[in-house]
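Student: The structure file start-v8.csv (CSV, C-alpha atoms) is provided below.
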```csv
chain,number,residue,atom,x,y,z
P,1083,MET,CA,54.7,216.1,32.6
P,1084,GLY,CA,55.2,217.0,36.2
P,1085,SER,CA,51.5,217.9,36.4
P,1086,ARG,CA,50.5,214.4,35.3
P,1087,LEU,CA,52.6,212.9,38.1
P,1088,PHE,CA,51.1,215.0,40.7
P,1089,ARG,CA,47.5,214.5,39.6
P,1090,PRO,CA,47.2,210.9,41.0
P,1091,LEU,CA,49.0,212.1,44.1
P,1092,ARG,CA,46.4,214.9,44.5
P,1093,LEU,CA,43.5,212.5,44.0
P,1094,CYS,CA,45.0,210.2,46.5
P,1095,LEU,CA,45.4,213.0,49.1
P,1096,SER,CA,41.9,214.2,48.4
P,1097,PHE,CA,40.6,210.7,49.0
P,1098,LEU,CA,42.5,210.4,52.2
P,1099,ILE,CA,41.2,213.7,53.5
P,1100,LEU,CA,37.7,212.8,52.6
P,1101,LEU,CA,38.2,209.4,54.3
P,1102,GLY,CA,39.6,211.1,57.4
P,1103,MET,CA,36.5,213.4,57.6
P,1104,PHE,CA,34.2,210.4,57.3
P,1105,ALA,CA,36.2,208.3,59.8
P,1106,GLY,CA,36.1,211.3,62.3
P,1107,GLY,CA,32.3,211.0,62.4
P,1108,CYS,CA,32.5,207.3,63.1
P,1109,LEU,CA,34.6,207.3,66.2
P,1110,ALA,CA,33.2,205.4,69.2
P,1111,PRO,CA,31.6,207.7,71.8
P,1112,GLU,CA,33.8,208.7,74.7
P,1113,THR,CA,33.1,207.0,78.1
P,1114,PRO,CA,31.5,209.5,80.4
P,1115,ARG,CA,33.8,210.8,83.1
P,1116,GLN,CA,33.4,209.2,86.5
P,1117,PRO,CA,32.8,211.7,89.3
P,1118,SER,CA,35.6,211.8,91.9
P,1119,LEU,CA,35.1,210.2,95.3
P,1120,ARG,CA,34.5,213.7,96.7
P,1121,GLU,CA,31.8,214.4,94.1
P,1122,ARG,CA,30.1,211.0,94.5
P,1123,GLY,CA,28.6,211.7,97.9
P,1124,PRO,CA,26.6,214.9,97.1
P,1125,LEU,CA,25.5,213.5,93.7
P,1126,ALA,CA,24.4,210.2,95.3
P,1127,ASP,CA,22.6,212.0,98.2
P,1128,LYS,CA,20.6,214.1,95.7
P,1129,TYR,CA,19.8,211.1,93.6
P,1130,ILE,CA,18.5,208.9,96.4
P,1131,ARG,CA,16.4,211.6,97.9
P,1132,GLU,CA,14.7,212.2,94.5
P,1133,ARG,CA,14.2,208.5,94.0
P,1134,LEU,CA,12.8,208.1,97.5
P,1135,ALA,CA,10.2,210.7,96.8
P,1136,VAL,CA,9.2,209.0,93.6
P,1137,TRP,CA,8.9,205.5,95.1
P,1138,GLN,CA,7.2,206.7,98.3
P,1139,ARG,CA,4.5,208.3,96.1
P,1140,ARG,CA,4.3,205.2,93.8
P,1141,LEU,CA,3.9,202.8,96.8
P,1142,ASN,CA,1.4,205.2,98.4
P,1143,LEU,CA,3.5,205.8,101.5
P,1144,GLN,CA,3.1,209.6,101.5
P,1145,ASP,CA,1.7,209.6,105.0
P,1146,TRP,CA,5.0,208.3,106.3
P,1147,ASN,CA,7.9,210.5,107.2
P,1148,ILE,CA,10.8,208.6,105.7
P,1149,SER,CA,14.4,209.7,105.7
P,1150,VAL,CA,17.3,208.2,103.8
P,1151,VAL,CA,20.9,208.3,104.8
P,1152,THR,CA,24.1,206.9,103.2
P,1153,THR,CA,26.1,204.7,105.5
P,1154,ARG,CA,29.6,203.2,105.3
P,1155,ALA,CA,29.8,199.4,104.8
P,1156,SER,CA,31.4,199.0,108.3
P,1157,GLU,CA,28.1,200.3,109.8
P,1158,LEU,CA,25.9,197.8,108.0
P,1159,ARG,CA,25.4,194.1,108.6
P,1160,ARG,CA,27.8,192.0,106.6
P,1161,ARG,CA,26.7,191.4,102.9
P,1162,THR,CA,23.9,194.0,103.1
P,1163,MET,CA,23.5,197.1,101.1
P,1164,GLY,CA,21.1,198.9,103.5
P,1165,ASN,CA,18.3,198.5,106.0
P,1166,ILE,CA,15.2,200.2,107.4
P,1167,ARG,CA,13.9,200.9,110.9
P,1168,TRP,CA,10.4,202.2,111.4
P,1169,ASP,CA,7.9,203.2,114.1
P,1170,ALA,CA,4.4,202.2,112.9
P,1171,ASP,CA,2.6,204.3,115.5
P,1172,LYS,CA,4.5,207.5,114.6
P,1173,LYS,CA,4.6,206.5,110.9
P,1174,THR,CA,8.3,207.3,110.7
P,1175,ALA,CA,11.1,205.3,109.0
P,1176,SER,CA,14.8,205.7,108.3
P,1177,ILE,CA,16.5,203.9,105.5
P,1178,ARG,CA,20.2,203.4,105.5
P,1179,VAL,CA,21.9,202.9,102.1
P,1180,LEU,CA,25.5,201.9,101.4
P,1181,ASP,CA,27.6,205.0,100.8
P,1182,ALA,CA,28.5,205.5,97.1
P,1183,SER,CA,32.2,205.5,97.9
P,1184,ASP,CA,32.0,201.9,99.1
P,1185,TYR,CA,30.8,200.6,95.8
P,1186,PRO,CA,33.5,198.9,93.7
P,1187,MET,CA,31.6,199.5,90.5
P,1188,PRO,CA,31.1,202.5,88.1
P,1189,PHE,CA,29.0,205.3,89.6
P,1190,PRO,CA,25.9,204.9,87.4
P,1191,VAL,CA,25.7,201.2,88.4
P,1192,ALA,CA,26.1,202.2,92.1
P,1193,LEU,CA,23.2,204.7,91.8
P,1194,GLN,CA,21.0,202.0,90.3
P,1195,ASP,CA,21.9,199.6,93.2
P,1196,MET,CA,21.2,202.4,95.7
P,1197,GLU,CA,17.7,202.9,94.2
P,1198,PHE,CA,17.1,199.1,94.3
P,1199,THR,CA,18.0,199.2,98.1
P,1200,ILE,CA,15.5,202.1,98.6
P,1201,VAL,CA,12.7,200.2,96.8
P,1202,HIS,CA,13.6,197.0,98.6
P,1203,GLU,CA,13.3,198.7,102.0
P,1204,LEU,CA,10.1,200.5,101.1
P,1205,ILE,CA,8.5,197.1,100.2
P,1206,HIS,CA,9.6,195.8,103.7
P,1207,LEU,CA,7.7,198.8,105.1
P,1208,GLU,CA,4.6,197.9,103.1
P,1209,LEU,CA,4.8,194.4,104.6
P,1210,ALA,CA,5.4,195.7,108.1
P,1211,SER,CA,1.8,194.9,109.3
P,1212,MET,CA,2.2,191.2,108.3
P,1213,PRO,CA,3.2,188.7,110.9
P,1214,ARG,CA,7.0,188.0,110.9
P,1215,SER,CA,9.3,185.4,112.3
P,1216,GLU,CA,12.9,184.5,111.9
P,1217,ALA,CA,11.8,181.5,110.0
P,1218,SER,CA,9.9,183.6,107.4
P,1219,ARG,CA,12.6,186.1,107.0
P,1220,ARG,CA,14.4,184.3,104.2
P,1221,GLU,CA,11.2,183.8,102.2
P,1222,GLU,CA,10.4,187.5,102.7
P,1223,GLU,CA,13.8,188.6,101.5
P,1224,PHE,CA,13.4,186.4,98.4
P,1225,ALA,CA,10.0,187.9,97.6
P,1226,VAL,CA,11.0,191.5,98.3
P,1227,ASN,CA,14.0,191.2,96.1
P,1228,HIS,CA,11.9,189.9,93.2
P,1229,ILE,CA,9.2,192.5,93.7
P,1230,ALA,CA,11.8,195.3,93.8
P,1231,GLY,CA,13.5,194.0,90.7
P,1232,ALA,CA,10.2,193.8,88.8
P,1233,LEU,CA,9.2,197.3,89.8
P,1234,LEU,CA,12.6,198.8,88.8
P,1235,GLN,CA,12.5,196.8,85.5
P,1236,LEU,CA,9.1,198.3,84.7
P,1237,ASP,CA,10.3,201.8,85.7
P,1238,ARG,CA,13.5,201.6,83.6
P,1239,LYS,CA,11.5,200.6,80.4
P,1240,ASP,CA,9.7,204.0,80.5
```
Starting from the coordinates I provided, produce the structure as C-alpha coordinates.
Tutor:
Amino acid sequence: MGSRLFRPLRLCLSFLILLGMFAGGCLAPETPRQPSLRERGPLADKYIRERLAVWQRRLNLQDWNISVVTTRASELRRRTMGNIRWDADKKTASIRVLDASDYPMPFPVALQDMEFTIVHELIHLELASMPRSEASRREEEFAVNHIAGALLQLDRKD
(Lines of atoms letter the chains of each structure in order from A and count residues from 1; the text may use other names and numbers.)
(Lines give C-alpha, C1' and ligand atoms only; values in the text may rest on other atoms or scores of the structure.)
Protein backbone atom coordinates (compact mmCIF):
# COMPACT_ATOMS: atom_id res chain seq x y z
CA MET A 1 0.00 0.00 0.00
CA GLY A 2 2.87 2.38 0.75
CA SER A 3 4.02 1.96 -2.84
CA ARG A 4 0.67 3.18 -4.19
CA LEU A 5 0.85 6.31 -2.05
CA PHE A 6 4.33 7.19 -3.27
CA ARG A 7 3.59 6.58 -6.95
CA PRO A 8 1.55 9.82 -7.39
CA LEU A 9 4.18 11.65 -5.40
CA ARG A 10 6.94 10.29 -7.68
CA LEU A 11 4.95 11.27 -10.78
CA CYS A 12 4.42 14.71 -9.37
CA LEU A 13 8.14 15.09 -8.57
CA SER A 14 9.10 13.83 -12.04
CA PHE A 15 6.74 16.33 -13.60
CA LEU A 16 8.18 19.17 -11.51
CA ILE A 17 11.74 18.20 -12.44
CA LEU A 18 10.81 18.07 -16.12
CA LEU A 19 9.00 21.39 -15.82
CA GLY A 20 12.05 22.89 -14.11
CA MET A 21 14.32 21.72 -16.93
CA PHE A 22 11.96 23.23 -19.49
CA ALA A 23 11.61 26.50 -17.59
CA GLY A 24 15.40 26.74 -17.23
CA GLY A 25 15.68 26.98 -21.02
CA CYS A 26 13.07 29.74 -21.17
CA LEU A 27 14.71 32.25 -18.88
CA ALA A 28 15.11 35.77 -20.21
CA PRO A 29 18.61 36.53 -21.47
CA GLU A 30 20.88 38.33 -19.09
CA THR A 31 21.54 42.01 -19.71
CA PRO A 32 25.11 42.42 -20.96
CA ARG A 33 27.50 43.81 -18.38
CA GLN A 34 28.23 47.50 -18.82
CA PRO A 35 31.94 48.36 -18.97
CA SER A 36 33.30 50.33 -16.05
CA LEU A 37 34.03 54.04 -16.52
CA ARG A 38 37.72 53.14 -16.79
CA GLU A 39 37.01 50.58 -19.55
CA ARG A 40 34.69 52.90 -21.49
CA GLY A 41 37.43 55.26 -22.68
CA PRO A 42 39.70 52.76 -24.46
CA LEU A 43 36.73 50.81 -25.86
CA ALA A 44 35.11 54.00 -27.20
CA ASP A 45 38.41 55.26 -28.67
CA LYS A 46 38.91 52.03 -30.58
CA TYR A 47 35.30 52.04 -31.80
CA ILE A 48 35.27 55.64 -33.03
CA ARG A 49 38.59 55.24 -34.86
CA GLU A 50 37.24 52.16 -36.64
CA ARG A 51 33.99 53.90 -37.54
CA LEU A 52 35.85 57.03 -38.71
CA ALA A 53 37.83 54.90 -41.18
CA VAL A 54 34.61 53.28 -42.46
CA TRP A 55 32.76 56.58 -42.94
CA GLN A 56 35.79 58.39 -44.35
CA ARG A 57 35.98 55.71 -47.06
CA ARG A 58 32.21 55.71 -47.68
CA LEU A 59 32.11 59.49 -48.04
CA ASN A 60 35.18 59.43 -50.29
CA LEU A 61 37.32 61.51 -47.94
CA GLN A 62 40.41 59.27 -48.02
CA ASP A 63 42.56 62.12 -49.30
CA TRP A 64 41.96 63.97 -46.02
CA ASN A 65 44.02 63.41 -42.90
CA ILE A 66 41.25 63.27 -40.28
CA SER A 67 41.77 62.68 -36.58
CA VAL A 68 39.17 62.08 -33.91
CA VAL A 69 39.55 62.80 -30.22
CA THR A 70 37.17 62.35 -27.31
CA THR A 71 36.47 65.54 -25.38
CA ARG A 72 34.84 66.25 -22.04
CA ALA A 73 31.50 68.08 -22.11
CA SER A 74 33.04 71.12 -20.40
CA GLU A 75 35.30 71.62 -23.45
CA LEU A 76 32.45 71.62 -25.99
CA ARG A 77 29.87 74.26 -26.73
CA ARG A 78 26.72 73.86 -24.69
CA ARG A 79 24.25 71.28 -26.02
CA THR A 80 26.71 69.89 -28.59
CA MET A 81 28.11 66.40 -28.85
CA GLY A 82 31.14 67.32 -30.94
CA ASN A 83 32.59 69.58 -33.61
CA ILE A 84 35.03 69.66 -36.48
CA ARG A 85 37.83 72.01 -37.50
CA TRP A 86 39.49 71.73 -40.88
CA ASP A 87 42.14 73.25 -43.11
CA ALA A 88 41.00 72.82 -46.72
CA ASP A 89 44.40 73.76 -48.17
CA LYS A 90 46.22 71.09 -46.15
CA LYS A 91 43.25 68.67 -46.28
CA THR A 92 43.43 68.07 -42.55
CA ALA A 93 40.58 67.93 -40.06
CA SER A 94 40.06 67.20 -36.40
CA ILE A 95 36.78 65.91 -35.01
CA ARG A 96 36.03 66.24 -31.32
CA VAL A 97 33.44 63.81 -29.92
CA LEU A 98 31.88 63.85 -26.46
CA ASP A 99 33.78 61.53 -24.10
CA ALA A 100 31.99 58.24 -23.34
CA SER A 101 32.12 58.91 -19.61
CA ASP A 102 29.96 62.02 -20.10
CA TYR A 103 27.05 60.09 -21.60
CA PRO A 104 24.18 59.43 -19.15
CA MET A 105 22.99 56.42 -21.17
CA PRO A 106 24.01 52.78 -21.57
CA PHE A 107 27.39 52.34 -23.25
CA PRO A 108 26.11 50.76 -26.52
CA VAL A 109 23.73 53.71 -27.02
CA ALA A 110 26.57 56.14 -26.30
CA LEU A 111 28.71 54.44 -28.97
CA GLN A 112 25.91 54.82 -31.52
CA ASP A 113 25.62 58.50 -30.67
CA MET A 114 29.38 58.95 -30.98
CA GLU A 115 29.22 57.37 -34.44
CA PHE A 116 26.36 59.72 -35.35
CA THR A 117 28.56 62.66 -34.33
CA ILE A 118 31.39 61.43 -36.55
CA VAL A 119 29.11 61.03 -39.57
CA HIS A 120 27.50 64.41 -38.85
CA GLU A 121 30.88 66.16 -38.74
CA LEU A 122 32.12 64.41 -41.89
CA ILE A 123 29.06 65.64 -43.76
CA HIS A 124 29.95 69.19 -42.65
CA LEU A 125 33.38 68.56 -44.14
CA GLU A 126 31.76 67.45 -47.42
CA LEU A 127 29.82 70.72 -47.47
CA ALA A 128 32.87 72.85 -46.58
CA SER A 129 33.27 74.24 -50.10
CA MET A 130 29.73 75.64 -50.13
CA PRO A 131 29.08 79.24 -49.13
CA ARG A 132 28.13 79.60 -45.46
CA SER A 133 26.67 82.29 -43.31
CA GLU A 134 25.38 82.54 -39.79
CA ALA A 135 21.87 82.76 -41.28
CA SER A 136 22.24 79.44 -43.14
CA ARG A 137 23.82 77.63 -40.19
CA ARG A 138 20.51 76.46 -38.71
CA GLU A 139 19.29 75.07 -42.04
CA GLU A 140 22.62 73.34 -42.60
CA GLU A 141 22.46 71.69 -39.16
CA PHE A 142 18.94 70.49 -39.89
CA ALA A 143 19.97 69.00 -43.25
CA VAL A 144 23.18 67.46 -41.88
CA ASN A 145 21.28 65.80 -39.02
CA HIS A 146 18.79 64.25 -41.42
CA ILE A 147 21.44 63.04 -43.86
CA ALA A 148 23.55 61.55 -41.05
CA GLY A 149 20.48 59.83 -39.59
CA ALA A 150 19.51 58.38 -42.98
CA LEU A 151 23.03 57.09 -43.67
CA LEU A 152 23.26 55.43 -40.26
CA GLN A 153 19.80 53.91 -40.61
CA LEU A 154 20.84 52.34 -43.91
CA ASP A 155 24.12 51.16 -42.38
CA ARG A 156 22.43 49.52 -39.40
CA LYS A 157 20.00 47.58 -41.60
CA ASP A 158 22.94 45.66 -43.13
Student: For Arg1120 of chain P, which of P:Ala1182, P:Arg1140, P:Ala1175, P:Val1150 is the closest residue, counting only C-alpha atoms?
Tutor: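 Of the candidates, the smallest distance to Arg1120 of chain P is held by P:Ala1182.
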Student: If you measure from atom CA of Lys1172 of chain P to atom CA of Trp1137 of chain P, what distance in Å do you get, rounded to one decimal?
Tutor: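 Interatomic distance here is 20.1 Å.
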Student: Return the single residue from P:Asn1142, P:Asn1165, P:Ser1183, P:Ser1149 that is closest to Gly1123 of chain P, with distances computed using all atoms listed in the file.
Tutor: P:Ser1183
Student: Can you work out the spacing between atom CA of Asp1195 of chain P and atom CA of Arg1220 of chain P in Å, to one decimal?
Tutor: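 Atom-to-atom, atom CA of Asp1195 of chain P to atom CA of Arg1220 of chain P, that is 20.3 Å.
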Student: Just how far from atom CA of Val1191 of chain P is atom CA of Asn1147 of chain P, in Å to one decimal?
Tutor: 27.5 Å
Student: Considering only C-alpha atoms, can you say which of P:Ile1229, P:Ile1148, P:Met1163, P:Leu1143 comes closest to Ile1177 of chain P?
Tutor: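 Among the listed residues, the smallest separation from Ile1177 of chain P belongs to P:Ile1148.
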